[in-house]
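One file, model-v3.txt, is given below (compact mmCIF, C-alpha atoms and all ligand atoms).
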```txt
# COMPACT_ATOMS: atom_id res chain seq x y z
CA MET A 24 4.15 108.45 258.90
CA PRO A 25 4.85 111.61 256.79
CA GLU A 26 5.58 110.88 253.14
CA VAL A 27 7.31 113.83 251.45
CA THR A 28 8.69 114.96 248.06
CA VAL A 29 11.60 117.17 247.19
CA ARG A 30 11.15 120.94 247.20
CA VAL A 31 13.79 123.53 246.33
CA THR A 32 13.58 127.18 247.41
CA LEU A 33 15.96 129.99 246.50
CA LEU A 34 17.00 131.58 249.82
CA GLU A 35 19.56 134.14 248.67
CA LYS A 36 21.56 135.18 245.64
CA SER A 37 24.09 137.76 244.48
CA PRO A 38 22.29 140.98 243.51
CA SER A 39 23.43 141.46 239.87
CA PRO A 40 24.88 138.22 238.47
CA THR A 41 24.65 139.12 234.76
CA ALA A 42 26.35 142.49 235.26
CA MET A 43 29.00 140.93 237.52
CA THR A 44 29.90 138.23 234.98
CA ALA A 45 30.00 140.79 232.17
CA THR A 46 32.21 143.04 234.34
CA ALA A 47 34.60 140.18 235.11
CA ALA A 48 34.79 139.29 231.41
CA ARG A 49 35.32 142.89 230.27
CA THR A 50 38.01 143.49 232.89
CA CYS A 51 40.16 140.89 231.11
CA TYR A 52 40.27 142.97 227.92
CA SER A 53 39.74 146.59 229.02
CA ALA A 54 41.93 149.42 230.26
CA ASN A 55 38.97 150.71 232.32
CA GLU A 56 38.59 150.03 236.02
CA PRO A 57 36.05 147.37 237.06
CA ALA A 58 33.90 150.04 238.81
CA ALA A 59 33.67 152.02 235.55
CA ILE A 60 32.77 148.86 233.66
CA VAL A 61 29.88 148.15 236.08
CA GLU A 62 28.55 151.65 235.35
CA ARG A 63 28.85 151.09 231.60
CA TRP A 64 26.18 148.33 231.59
CA ARG A 65 23.50 150.81 232.76
CA SER A 66 23.59 152.55 229.38
CA LYS A 67 24.51 149.45 227.33
CA PRO A 68 22.42 146.51 228.53
CA ASP A 69 22.52 144.80 225.10
CA ASP A 70 26.30 144.92 225.15
CA MET A 71 26.24 143.32 228.60
CA VAL A 72 24.10 140.44 227.34
CA ARG A 73 26.33 139.94 224.29
CA THR A 74 29.43 139.87 226.53
CA VAL A 75 27.90 137.22 228.80
CA ASP A 76 26.71 135.15 225.80
CA ARG A 77 30.23 135.23 224.40
CA VAL A 78 32.09 134.11 227.54
CA ARG A 79 29.49 131.48 228.38
CA SER A 80 29.65 129.80 224.99
CA ALA A 81 33.46 130.17 224.81
CA GLY A 82 33.82 128.31 228.13
CA HIS A 83 35.37 131.32 229.90
CA HIS A 84 33.47 130.12 232.97
CA SER A 85 35.64 131.62 235.71
CA THR A 86 33.54 134.75 235.07
CA LEU A 87 30.50 132.90 236.46
CA GLU A 88 32.19 132.26 239.78
CA HIS A 89 31.54 135.75 241.17
CA ASN A 90 27.85 134.96 241.74
CA ILE A 91 26.48 132.91 244.63
CA TYR A 92 23.10 131.17 244.89
CA VAL A 93 21.85 129.65 248.16
CA PHE A 94 19.01 127.09 248.10
CA GLY A 95 16.93 125.39 250.78
CA VAL A 96 16.23 121.75 249.89
CA THR A 97 13.59 119.73 251.74
CA GLY A 98 12.10 116.27 251.25
CA LEU A 99 15.18 114.73 249.65
CA SER A 100 15.94 111.14 250.66
CA ARG A 101 19.24 110.23 252.26
CA ALA A 102 19.84 108.10 249.13
CA ALA A 103 19.80 111.32 247.08
CA THR A 104 21.56 113.63 249.57
CA HIS A 105 24.47 111.20 249.53
CA GLN A 106 24.78 111.84 245.79
CA LEU A 107 24.28 115.59 246.17
CA VAL A 108 27.13 116.06 248.65
CA ARG A 109 29.60 114.49 246.20
CA HIS A 110 29.65 117.82 244.34
CA ARG A 111 32.77 119.30 245.89
CA HIS A 112 32.28 122.82 244.58
CA LEU A 113 28.92 123.20 246.33
CA GLN A 114 28.68 123.87 250.08
CA PHE A 115 26.29 122.06 252.43
CA ASP A 116 24.71 122.09 255.85
CA GLN A 117 22.39 119.15 256.46
CA GLN A 118 19.86 118.29 259.16
CA SER A 119 21.57 116.11 261.76
CA GLN A 120 20.22 112.71 262.83
CA ARG A 121 22.42 112.97 265.95
CA TYR A 122 21.08 116.23 267.37
CA LEU A 123 17.52 115.87 266.07
CA SER A 124 15.47 112.79 267.02
CA PHE A 125 12.20 112.28 265.15
CA LYS A 126 9.25 112.51 267.58
CA SER A 127 7.02 109.44 268.15
CA GLY A 128 9.03 107.44 265.60
CA GLU A 129 7.53 109.65 262.84
CA PHE A 130 10.44 110.07 260.48
CA PRO A 131 9.70 111.68 257.10
CA PHE A 132 10.42 109.46 254.08
CA VAL A 133 10.35 109.47 250.28
CA LYS A 134 8.46 106.71 248.45
CA PRO A 135 9.69 106.09 244.89
CA LYS A 136 6.88 106.44 242.30
CA LYS A 137 7.62 102.97 240.92
CA ILE A 138 6.95 101.43 244.34
CA ALA A 139 3.86 103.64 244.82
CA SER A 140 2.46 102.46 241.47
CA LEU A 141 2.35 98.78 242.58
CA PRO A 142 -0.32 98.35 245.29
CA ASP A 143 1.28 95.30 246.96
CA ALA A 144 4.79 96.75 246.96
CA SER A 145 3.43 100.11 248.13
CA ALA A 146 1.55 98.53 251.08
CA ARG A 147 4.64 96.49 252.03
CA PHE A 148 6.79 99.64 251.87
CA ASP A 149 4.34 101.53 254.14
CA ARG A 150 4.21 98.65 256.64
CA LEU A 151 8.01 98.51 256.76
CA MET A 152 8.32 102.27 257.34
CA GLY A 153 5.82 101.93 260.20
CA GLU A 154 7.76 99.01 261.73
CA ILE A 155 11.03 100.93 261.51
CA GLY A 156 9.38 103.97 263.12
CA HIS A 157 8.17 101.85 266.04
CA ALA A 158 11.55 100.18 266.52
CA TYR A 159 13.32 103.58 266.36
CA GLN A 160 10.99 104.97 269.04
CA GLU A 161 11.45 101.87 271.24
CA MET A 162 15.21 102.43 271.13
CA LEU A 163 14.89 106.11 272.06
CA ASP A 164 12.50 105.13 274.89
CA ALA A 165 15.12 102.61 276.10
CA GLY A 166 17.58 105.50 276.49
CA ILE A 167 19.58 104.78 273.33
CA PRO A 168 20.78 108.15 271.95
CA GLY A 169 19.51 109.41 268.61
CA GLU A 170 22.98 109.06 267.10
CA ASP A 171 22.73 105.26 267.64
CA ALA A 172 18.98 104.75 267.09
CA ARG A 173 19.39 106.34 263.63
CA PHE A 174 21.35 103.31 262.45
CA ILE A 175 18.08 101.53 261.68
CA LEU A 176 16.61 104.41 259.62
CA PRO A 177 16.41 103.63 255.89
CA ASN A 178 17.88 105.30 252.80
CA ALA A 179 14.31 106.59 252.19
CA THR A 180 14.51 108.90 255.25
CA ALA A 181 14.01 112.47 254.07
CA SER A 182 16.42 115.21 254.96
CA GLN A 183 16.82 118.94 254.55
CA LEU A 184 19.81 121.04 253.63
CA VAL A 185 21.06 124.49 252.82
CA VAL A 186 23.16 124.25 249.65
CA SER A 187 25.14 127.12 248.20
CA GLY A 188 27.47 127.48 245.29
CA ASN A 189 28.66 129.86 242.65
CA ALA A 190 27.05 129.96 239.22
CA ARG A 191 29.80 127.83 237.68
CA ALA A 192 29.42 125.09 240.32
CA TRP A 193 25.63 125.03 239.74
CA TYR A 194 26.17 124.95 235.99
CA GLU A 195 28.42 121.88 236.36
CA PHE A 196 25.99 120.24 238.76
CA LEU A 197 23.12 120.77 236.29
CA THR A 198 25.17 119.28 233.45
CA LEU A 199 25.45 115.97 235.32
CA ARG A 200 22.22 115.83 237.25
CA THR A 201 19.58 116.94 234.72
CA CYS A 202 20.87 114.26 232.34
CA ASN A 203 18.53 111.31 231.74
CA MET A 204 21.26 109.06 233.14
CA ALA A 205 21.03 110.66 236.59
CA GLN A 206 18.92 109.05 239.30
CA TRP A 207 15.26 110.26 239.18
CA GLU A 208 15.17 111.99 242.58
CA ILE A 209 18.32 114.10 242.23
CA ARG A 210 17.14 114.79 238.68
CA GLU A 211 13.84 116.09 240.03
CA MET A 212 15.75 118.30 242.46
CA SER A 213 18.12 119.61 239.79
CA PHE A 214 15.26 120.46 237.40
CA GLN A 215 13.75 122.61 240.18
CA VAL A 216 17.14 124.33 240.57
CA LEU A 217 17.38 124.76 236.77
CA ARG A 218 13.91 126.32 236.53
CA ILE A 219 14.70 128.78 239.34
CA LEU A 220 18.09 129.78 237.90
CA LYS A 221 16.66 130.27 234.41
CA ARG A 222 13.82 132.39 235.84
CA GLU A 223 16.25 134.48 237.93
CA ASP A 224 19.13 134.91 235.46
CA ALA A 225 18.06 133.76 232.01
CA VAL A 226 21.18 135.03 230.22
CA LEU A 227 23.64 133.42 232.60
CA PHE A 228 21.90 130.03 232.53
CA LYS A 229 20.67 130.13 228.92
CA ASP A 230 22.28 126.82 227.90
CA ALA A 231 22.51 125.23 231.37
CA GLY A 232 21.42 121.61 231.63
CA ALA A 233 22.60 118.28 230.28
CA THR A 234 25.19 118.37 227.51
CA CYS A 235 22.53 117.47 224.89
CA VAL A 236 21.11 120.98 225.39
CA ARG A 237 24.47 122.19 224.03
CA GLY A 238 24.41 119.75 221.12
CA TYR A 239 26.40 116.71 222.25
CA CYS A 240 26.18 113.84 224.71
CA HIS A 241 28.86 112.83 227.25
CA GLU A 242 27.28 109.41 227.92
CA PRO A 243 28.35 106.35 225.88
CA ASP A 244 24.67 105.37 225.46
CA GLY A 245 23.70 108.91 224.42
CA PRO A 246 22.59 108.22 220.86
CA ASN A 247 19.84 105.90 222.25
CA CYS A 248 18.58 108.40 224.83
CA PRO A 249 15.11 109.76 223.91
CA ARG A 250 16.03 113.21 225.21
CA TYR A 251 19.23 113.36 223.15
CA ILE A 252 17.31 112.23 220.04
CA ALA A 253 14.63 114.91 220.62
CA VAL A 254 17.27 117.65 221.05
CA ALA A 255 19.19 116.44 217.96
CA LYS A 256 16.00 116.41 215.84
CA ALA A 257 15.11 119.94 216.99
CA GLN A 258 18.62 121.10 216.05
CA VAL A 259 18.35 119.53 212.61
CA ARG A 260 14.97 121.30 212.19
CA ASP A 261 16.53 124.61 213.32
CA ALA A 262 19.51 124.12 210.99
CA ARG A 263 17.18 123.33 208.05
CA SER A 264 15.05 126.41 208.72
CA ALA A 265 18.22 128.52 209.06
CA ASP A 266 19.43 127.13 205.69
CA HIS A 267 16.01 127.76 204.20
CA TRP A 268 16.04 131.35 205.51
CA LEU A 269 19.56 131.96 204.15
CA GLU A 270 18.60 130.50 200.74
CA SER A 271 15.45 132.62 200.46
CA LYS A 272 17.39 135.72 201.53
CA ALA A 273 20.05 134.96 198.90
CA ARG A 274 17.32 134.42 196.26
CA LYS A 275 15.75 137.77 197.18
CA ASN A 276 19.16 139.44 196.82
CA GLY A 277 19.55 137.75 193.44
CA SER A 278 22.78 136.02 194.48
CA THR A 279 21.71 132.45 193.54
C1 LIG B 1 24.93 109.30 236.36
C2 LIG B 1 25.88 109.27 237.51
C3 LIG B 1 26.25 108.06 238.08
C4 LIG B 1 27.16 108.02 239.16
N1 LIG B 1 27.48 106.82 239.71
C5 LIG B 1 28.36 106.76 240.75
C6 LIG B 1 28.72 105.53 241.33
O1 LIG B 1 28.24 104.47 240.95
N2 LIG B 1 29.61 105.54 242.37
C7 LIG B 1 30.19 106.69 242.83
O2 LIG B 1 31.00 106.65 243.76
N3 LIG B 1 29.86 107.89 242.29
C8 LIG B 1 28.96 107.95 241.26
N4 LIG B 1 28.63 109.17 240.73
C9 LIG B 1 29.21 110.39 241.29
C10 LIG B 1 30.37 110.96 240.45
O3 LIG B 1 31.43 110.06 240.37
C11 LIG B 1 30.87 112.30 241.03
O4 LIG B 1 31.39 112.11 242.31
C12 LIG B 1 29.76 113.34 241.14
O5 LIG B 1 28.96 113.36 239.98
C13 LIG B 1 30.38 114.73 241.34
O6 LIG B 1 30.96 115.11 240.13
P1 LIG B 1 32.33 115.90 240.01
O7 LIG B 1 33.38 115.17 240.78
O8 LIG B 1 32.54 116.14 238.57
O9 LIG B 1 31.86 117.25 240.72
P2 LIG B 1 32.64 118.25 241.67
O10 LIG B 1 33.14 117.57 242.87
O11 LIG B 1 31.63 119.35 241.91
O12 LIG B 1 33.81 118.78 240.82
C14 LIG B 1 33.57 119.58 239.67
C15 LIG B 1 34.77 119.47 238.76
O13 LIG B 1 35.92 120.00 239.43
C16 LIG B 1 37.06 119.25 239.09
N5 LIG B 1 37.60 118.63 240.31
C17 LIG B 1 37.00 118.58 241.53
N6 LIG B 1 37.80 117.99 242.42
C18 LIG B 1 38.91 117.63 241.76
C19 LIG B 1 40.09 116.94 242.14
N7 LIG B 1 40.30 116.51 243.38
N8 LIG B 1 41.04 116.74 241.21
C20 LIG B 1 40.85 117.16 239.94
N9 LIG B 1 39.77 117.80 239.50
C21 LIG B 1 38.80 118.03 240.41
C22 LIG B 1 36.62 118.20 238.08
O14 LIG B 1 36.79 118.73 236.78
C23 LIG B 1 35.14 118.05 238.37
O15 LIG B 1 34.38 117.57 237.28
C24 LIG B 1 27.72 109.22 239.66
C25 LIG B 1 27.36 110.44 239.06
C26 LIG B 1 26.46 110.48 238.01
C27 LIG B 1 26.08 111.81 237.42
```
For this file, produce the structure as structure tokens.
Ligand SMILES: Cc1cc2nc3c(=O)[nH]c(=O)nc-3n(C[C@H](O)[C@H](O)[C@H](O)COP(=O)(O)OP(=O)(O)OC[C@H]3O[C@@H](n4cnc5c(N)ncnc54)[C@H](O)[C@@H]3O)c2cc1C
Amino acid sequence: MPEVTVRVTLLEKSPSPTAMTATAARTCYSANEPAAIVERWRSKPDDMVRTVDRVRSAGHHSTLEHNIYVFGVTGLSRAATHQLVRHRHLQFDQQSQRYLSFKSGEFPFVKPKKIASLPDASARFDRLMGEIGHAYQEMLDAGIPGEDARFILPNATASQLVVSGNARAWYEFLTLRTCNMAQWEIREMSFQVLRILKREDAVLFKDAGATCVRGYCHEPDGPNCPRYIAVAKAQVRDARSADHWLESKARKNGST
């Protein structure tokens, strides 16, 4: 019985997301035509980065919407895909359990690490997956269509999808799903998305992630979350070293 884990692959993206967001932002405040603004970034790349930094941190996020990213997602359990498809600003196409029947009762599944770490629970889980696979195959052999036989498949059954969305929709998704409060599997998936987006378009996704990355927590239990505490401590350290730097600069200038 194939046991699988989640894997995210970038299939397609808009060609110049940083320039497009900067162009959209600049168009709001400029007399120049958008086409002329696009040209401008060739000679002023630093200005382009500053423009994107400004709109991103000001929350002028409609400017992110002009960029599309399409991902292939495999090895995600039905328990997690059910959560994923709740994000209404992303678009989905998912492998069908009506049109595709798993051969020889061999359906792919995800085994949670906590179950895998307990030998008895792990063996019981494996036996159950095997039993379900046999029963599923018996039903298909009895002429029951896949769309009905699938009713006995578990939440653990792995699926695959194509998921697309604009940069703003991904940004919002990452805010909720890279948070420590999110379920581990969708979290694992969203960290893969986050790593890819940061690698592809570092400026656009500079502060993408859970809200603690941006200095606050939206969860009531936030102050007890180890991740939030780590981020807060790092910010205090950064603030102290910034203060220290400003003080020593002022001392050098003889202003204290
Ligand atoms: C930790 C965690 C636990 C969860 N637990 C549960 C649970 O127990 N049960 C459950 O059913 N769900 C649960 N969810 C799912 C959650 O309720 C949302 O459905 C999911 O996170 C999608 O978020 P969203 O609606 O903000 O996203 P999207 O659908 O992508 O929407 C993005 C944003 O667009 C705006 N928007 C979208 N549609 C509308 C609309 N119709 N009207 C007004 N504004 C709109 C909102 O500002 C929204 O935040 C959980 C989610 C998380 C992260």
Å distance separating CA of Pro131 (chain A) from CA of His110 (chain A), one decimal place: 24.5 Å
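Computed from the coordinates, the CA of Asp230 (chain A) to atom C25 of ligand LIG 1 (chain B) distance equals 20.5 Å.
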10 Å contact set for Pro25 (chain A), all atoms listed in the file, chain neighbours under 3 positions out, as a PyMOL selection string: chain A and resi 129-133+152+181
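Residues in contact with ligand LIG 1 (chain B) comprise Gln106, Arg109, His110, Arg111, His112, Leu113, Ala192, Glu195, Phe196, Leu199, Arg200, Met204, Ala205 and Gln206 of chain A, where contact means an atom-to-atom distance of at most 7 Å counting all atoms listed in the file.
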Contacts of Ser39 (chain A) at 12 Å (only C-alpha atoms; same-chain gap of 4+ positions) as a list in words: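 Skipping anything fewer than 4 positions along the chain leaves Met43, Thr44, Ala45, Thr46, Val61, Trp64, Arg65, Met71, Leu87, His89, Asn90, Ile91, Tyr92, Glu223, Asp224, Val226 and Leu227 of chain A.
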10 Å contact set for Phe174 (chain A), all atoms listed in the file, chain neighbours under 4 positions out, as a VMD selection string: chain A and resid 120 159 169 to 170
From A:Val93, A:Cys248, A:Val186, A:Val254, residue lying nearest Gln118 (chain A) [all atoms listed in the file]: A:Val186
Residue among A:Asn189, A:Thr97, A:Asn178, A:Ser127 lying closest to Met162 (chain A), counting all atoms listed in the file: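 Answer, going by the shortest atom-to-atom distance: A:Ser127.
Atom to atom, CA of Ile219 (chain A) and CA of Val29 (chain A) stand 14.4 Å apart.
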With 6 Å added on each side, what axis-aligned box encloses every listed atom of region 35-48 of chain A? Give the centre and edge lengths in Å to one decimal, as lines of an AutoDock Vina configuration file.
```
center_x = 27.2
center_y = 138.6
center_z = 240.0
size_x = 27.2
size_y = 20.9
size_z = 29.3
```
Residue neighbourhood Phe115 (chain A), 7 Å, all atoms listed in the file, exclusion window fewer than 6 positions, as a ChimeraX atom specification: /A:184-187
Pick from A:Arg73, A:Lys256, A:Arg49, A:Arg101, whichever lies nearest to Gln183 (chain A) using all atoms listed in the file: A:Arg101
Neighbours of point (12.1, 103.7, 262.5) within 8 Å, using only C-alpha atoms, written as a count of residues only: 16
Selected residue of minimal separation from Tyr251 (chain A) among A:Arg63, A:Arg237, A:Lys136, A:Arg77, counting all atoms listed in the file: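 Checking each candidate against Tyr251 (chain A), we get A:Arg237 as the closest.
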Produce region 149-180 of chain A of the given structure as output with N, CA and C atoms, as a PDB file, in the first residue's frame.
```pdb
ATOM      1  N   ASP A 149      -1.550   0.412   9.578  1.00  0.00           N
ATOM      2  CA  ASP A 149      -1.194  -0.263   8.315  1.00  0.00           C
ATOM      3  C   ASP A 149      -2.171  -1.395   8.006  1.00  0.00           C
ATOM      4  N   ARG A 150      -2.512  -2.174   9.067  1.00  0.00           N
ATOM      5  CA  ARG A 150      -3.442  -3.297   8.855  1.00  0.00           C
ATOM      6  C   ARG A 150      -4.785  -2.780   8.352  1.00  0.00           C
ATOM      7  N   LEU A 151      -5.238  -1.682   8.980  1.00  0.00           N
ATOM      8  CA  LEU A 151      -6.548  -1.119   8.615  1.00  0.00           C
ATOM      9  C   LEU A 151      -6.540  -0.619   7.163  1.00  0.00           C
ATOM     10  N   MET A 152      -5.450   0.049   6.771  1.00  0.00           N
ATOM     11  CA  MET A 152      -5.366   0.532   5.381  1.00  0.00           C
ATOM     12  C   MET A 152      -5.433  -0.654   4.411  1.00  0.00           C
ATOM     13  N   GLY A 153      -4.744  -1.740   4.776  1.00  0.00           N
ATOM     14  CA  GLY A 153      -4.768  -2.949   3.950  1.00  0.00           C
ATOM     15  C   GLY A 153      -6.179  -3.520   3.848  1.00  0.00           C
ATOM     16  N   GLU A 154      -6.875  -3.584   4.993  1.00  0.00           N
ATOM     17  CA  GLU A 154      -8.250  -4.132   5.007  1.00  0.00           C
ATOM     18  C   GLU A 154      -9.168  -3.276   4.138  1.00  0.00           C
ATOM     19  N   ILE A 155      -9.019  -1.958   4.272  1.00  0.00           N
ATOM     20  CA  ILE A 155      -9.871  -1.055   3.469  1.00  0.00           C
ATOM     21  C   ILE A 155      -9.586  -1.249   1.986  1.00  0.00           C
ATOM     22  N   GLY A 156      -8.294  -1.385   1.651  1.00  0.00           N
ATOM     23  CA  GLY A 156      -7.913  -1.596   0.251  1.00  0.00           C
ATOM     24  C   GLY A 156      -8.560  -2.855  -0.316  1.00  0.00           C
ATOM     25  N   HIS A 157      -8.533  -3.930   0.473  1.00  0.00           N
ATOM     26  CA  HIS A 157      -9.148  -5.191   0.019  1.00  0.00           C
ATOM     27  C   HIS A 157     -10.648  -5.014  -0.182  1.00  0.00           C
ATOM     28  N   ALA A 158     -11.297  -4.407   0.789  1.00  0.00           N
ATOM     29  CA  ALA A 158     -12.756  -4.233   0.718  1.00  0.00           C
ATOM     30  C   ALA A 158     -13.130  -3.358  -0.483  1.00  0.00           C
ATOM     31  N   TYR A 159     -12.330  -2.317  -0.731  1.00  0.00           N
ATOM     32  CA  TYR A 159     -12.565  -1.400  -1.864  1.00  0.00           C
ATOM     33  C   TYR A 159     -12.484  -2.188  -3.177  1.00  0.00           C
ATOM     34  N   GLN A 160     -11.437  -3.030  -3.273  1.00  0.00           N
ATOM     35  CA  GLN A 160     -11.260  -3.822  -4.497  1.00  0.00           C
ATOM     36  C   GLN A 160     -12.406  -4.825  -4.675  1.00  0.00           C
ATOM     37  N   GLU A 161     -12.831  -5.446  -3.554  1.00  0.00           N
ATOM     38  CA  GLU A 161     -13.943  -6.413  -3.631  1.00  0.00           C
ATOM     39  C   GLU A 161     -15.197  -5.734  -4.195  1.00  0.00           C
ATOM     40  N   MET A 162     -15.422  -4.500  -3.769  1.00  0.00           N
ATOM     41  CA  MET A 162     -16.602  -3.769  -4.249  1.00  0.00           C
ATOM     42  C   MET A 162     -16.497  -3.478  -5.747  1.00  0.00           C
ATOM     43  N   LEU A 163     -15.293  -3.032  -6.165  1.00  0.00           N
ATOM     44  CA  LEU A 163     -15.109  -2.769  -7.604  1.00  0.00           C
ATOM     45  C   LEU A 163     -15.320  -4.066  -8.396  1.00  0.00           C
ATOM     46  N   ASP A 164     -14.751  -5.178  -7.864  1.00  0.00           N
ATOM     47  CA  ASP A 164     -14.882  -6.474  -8.551  1.00  0.00           C
ATOM     48  C   ASP A 164     -16.344  -6.903  -8.629  1.00  0.00           C
ATOM     49  N   ALA A 165     -17.154  -6.483  -7.640  1.00  0.00           N
ATOM     50  CA  ALA A 165     -18.577  -6.849  -7.630  1.00  0.00           C
ATOM     51  C   ALA A 165     -19.393  -5.940  -8.548  1.00  0.00           C
ATOM     52  N   GLY A 166     -18.713  -5.038  -9.270  1.00  0.00           N
ATOM     53  CA  GLY A 166     -19.392  -4.173 -10.233  1.00  0.00           C
ATOM     54  C   GLY A 166     -19.901  -2.870  -9.633  1.00  0.00           C
ATOM     55  N   ILE A 167     -19.534  -2.610  -8.383  1.00  0.00           N
ATOM     56  CA  ILE A 167     -19.933  -1.327  -7.768  1.00  0.00           C
ATOM     57  C   ILE A 167     -19.046  -0.228  -8.370  1.00  0.00           C
ATOM     58  N   PRO A 168     -19.640   0.864  -8.858  1.00  0.00           N
ATOM     59  CA  PRO A 168     -18.799   1.900  -9.490  1.00  0.00           C
ATOM     60  C   PRO A 168     -17.882   2.589  -8.474  1.00  0.00           C
ATOM     61  N   GLY A 169     -16.778   3.123  -9.014  1.00  0.00           N
ATOM     62  CA  GLY A 169     -15.809   3.820  -8.163  1.00  0.00           C
ATOM     63  C   GLY A 169     -16.445   4.916  -7.317  1.00  0.00           C
ATOM     64  N   GLU A 170     -17.446   5.586  -7.894  1.00  0.00           N
ATOM     65  CA  GLU A 170     -18.052   6.714  -7.156  1.00  0.00           C
ATOM     66  C   GLU A 170     -18.773   6.231  -5.886  1.00  0.00           C
ATOM     67  N   ASP A 171     -19.148   4.927  -5.839  1.00  0.00           N
ATOM     68  CA  ASP A 171     -19.775   4.382  -4.626  1.00  0.00           C
ATOM     69  C   ASP A 171     -18.753   3.651  -3.750  1.00  0.00           C
ATOM     70  N   ALA A 172     -17.841   2.921  -4.392  1.00  0.00           N
ATOM     71  CA  ALA A 172     -16.812   2.185  -3.623  1.00  0.00           C
ATOM     72  C   ALA A 172     -15.984   3.166  -2.786  1.00  0.00           C
ATOM     73  N   ARG A 173     -15.787   4.377  -3.294  1.00  0.00           N
ATOM     74  CA  ARG A 173     -14.951   5.363  -2.588  1.00  0.00           C
ATOM     75  C   ARG A 173     -15.509   5.741  -1.214  1.00  0.00           C
ATOM     76  N   PHE A 174     -16.767   5.448  -0.956  1.00  0.00           N
ATOM     77  CA  PHE A 174     -17.345   5.829   0.333  1.00  0.00           C
ATOM     78  C   PHE A 174     -16.639   5.179   1.511  1.00  0.00           C
ATOM     79  N   ILE A 175     -15.914   4.080   1.261  1.00  0.00           N
ATOM     80  CA  ILE A 175     -15.227   3.444   2.403  1.00  0.00           C
ATOM     81  C   ILE A 175     -13.767   3.898   2.517  1.00  0.00           C
ATOM     82  N   LEU A 176     -13.302   4.743   1.587  1.00  0.00           N
ATOM     83  CA  LEU A 176     -11.910   5.228   1.691  1.00  0.00           C
ATOM     84  C   LEU A 176     -11.799   6.220   2.860  1.00  0.00           C
ATOM     85  N   PRO A 177     -10.633   6.211   3.536  1.00  0.00           N
ATOM     86  CA  PRO A 177     -10.513   7.057   4.734  1.00  0.00           C
ATOM     87  C   PRO A 177     -10.063   8.489   4.424  1.00  0.00           C
ATOM     88  N   ASN A 178     -10.131   9.325   5.456  1.00  0.00           N
ATOM     89  CA  ASN A 178      -9.594  10.698   5.393  1.00  0.00           C
ATOM     90  C   ASN A 178      -8.121  10.700   5.009  1.00  0.00           C
ATOM     91  N   ALA A 179      -7.407   9.598   5.339  1.00  0.00           N
ATOM     92  CA  ALA A 179      -5.958   9.513   5.074  1.00  0.00           C
ATOM     93  C   ALA A 179      -5.650   9.379   3.586  1.00  0.00           C
ATOM     94  N   THR A 180      -6.641   9.035   2.755  1.00  0.00           N
ATOM     95  CA  THR A 180      -6.394   8.843   1.316  1.00  0.00           C
ATOM     96  C   THR A 180      -5.736  10.086   0.717  1.00  0.00           C
TER      97      THR A 180
END
```
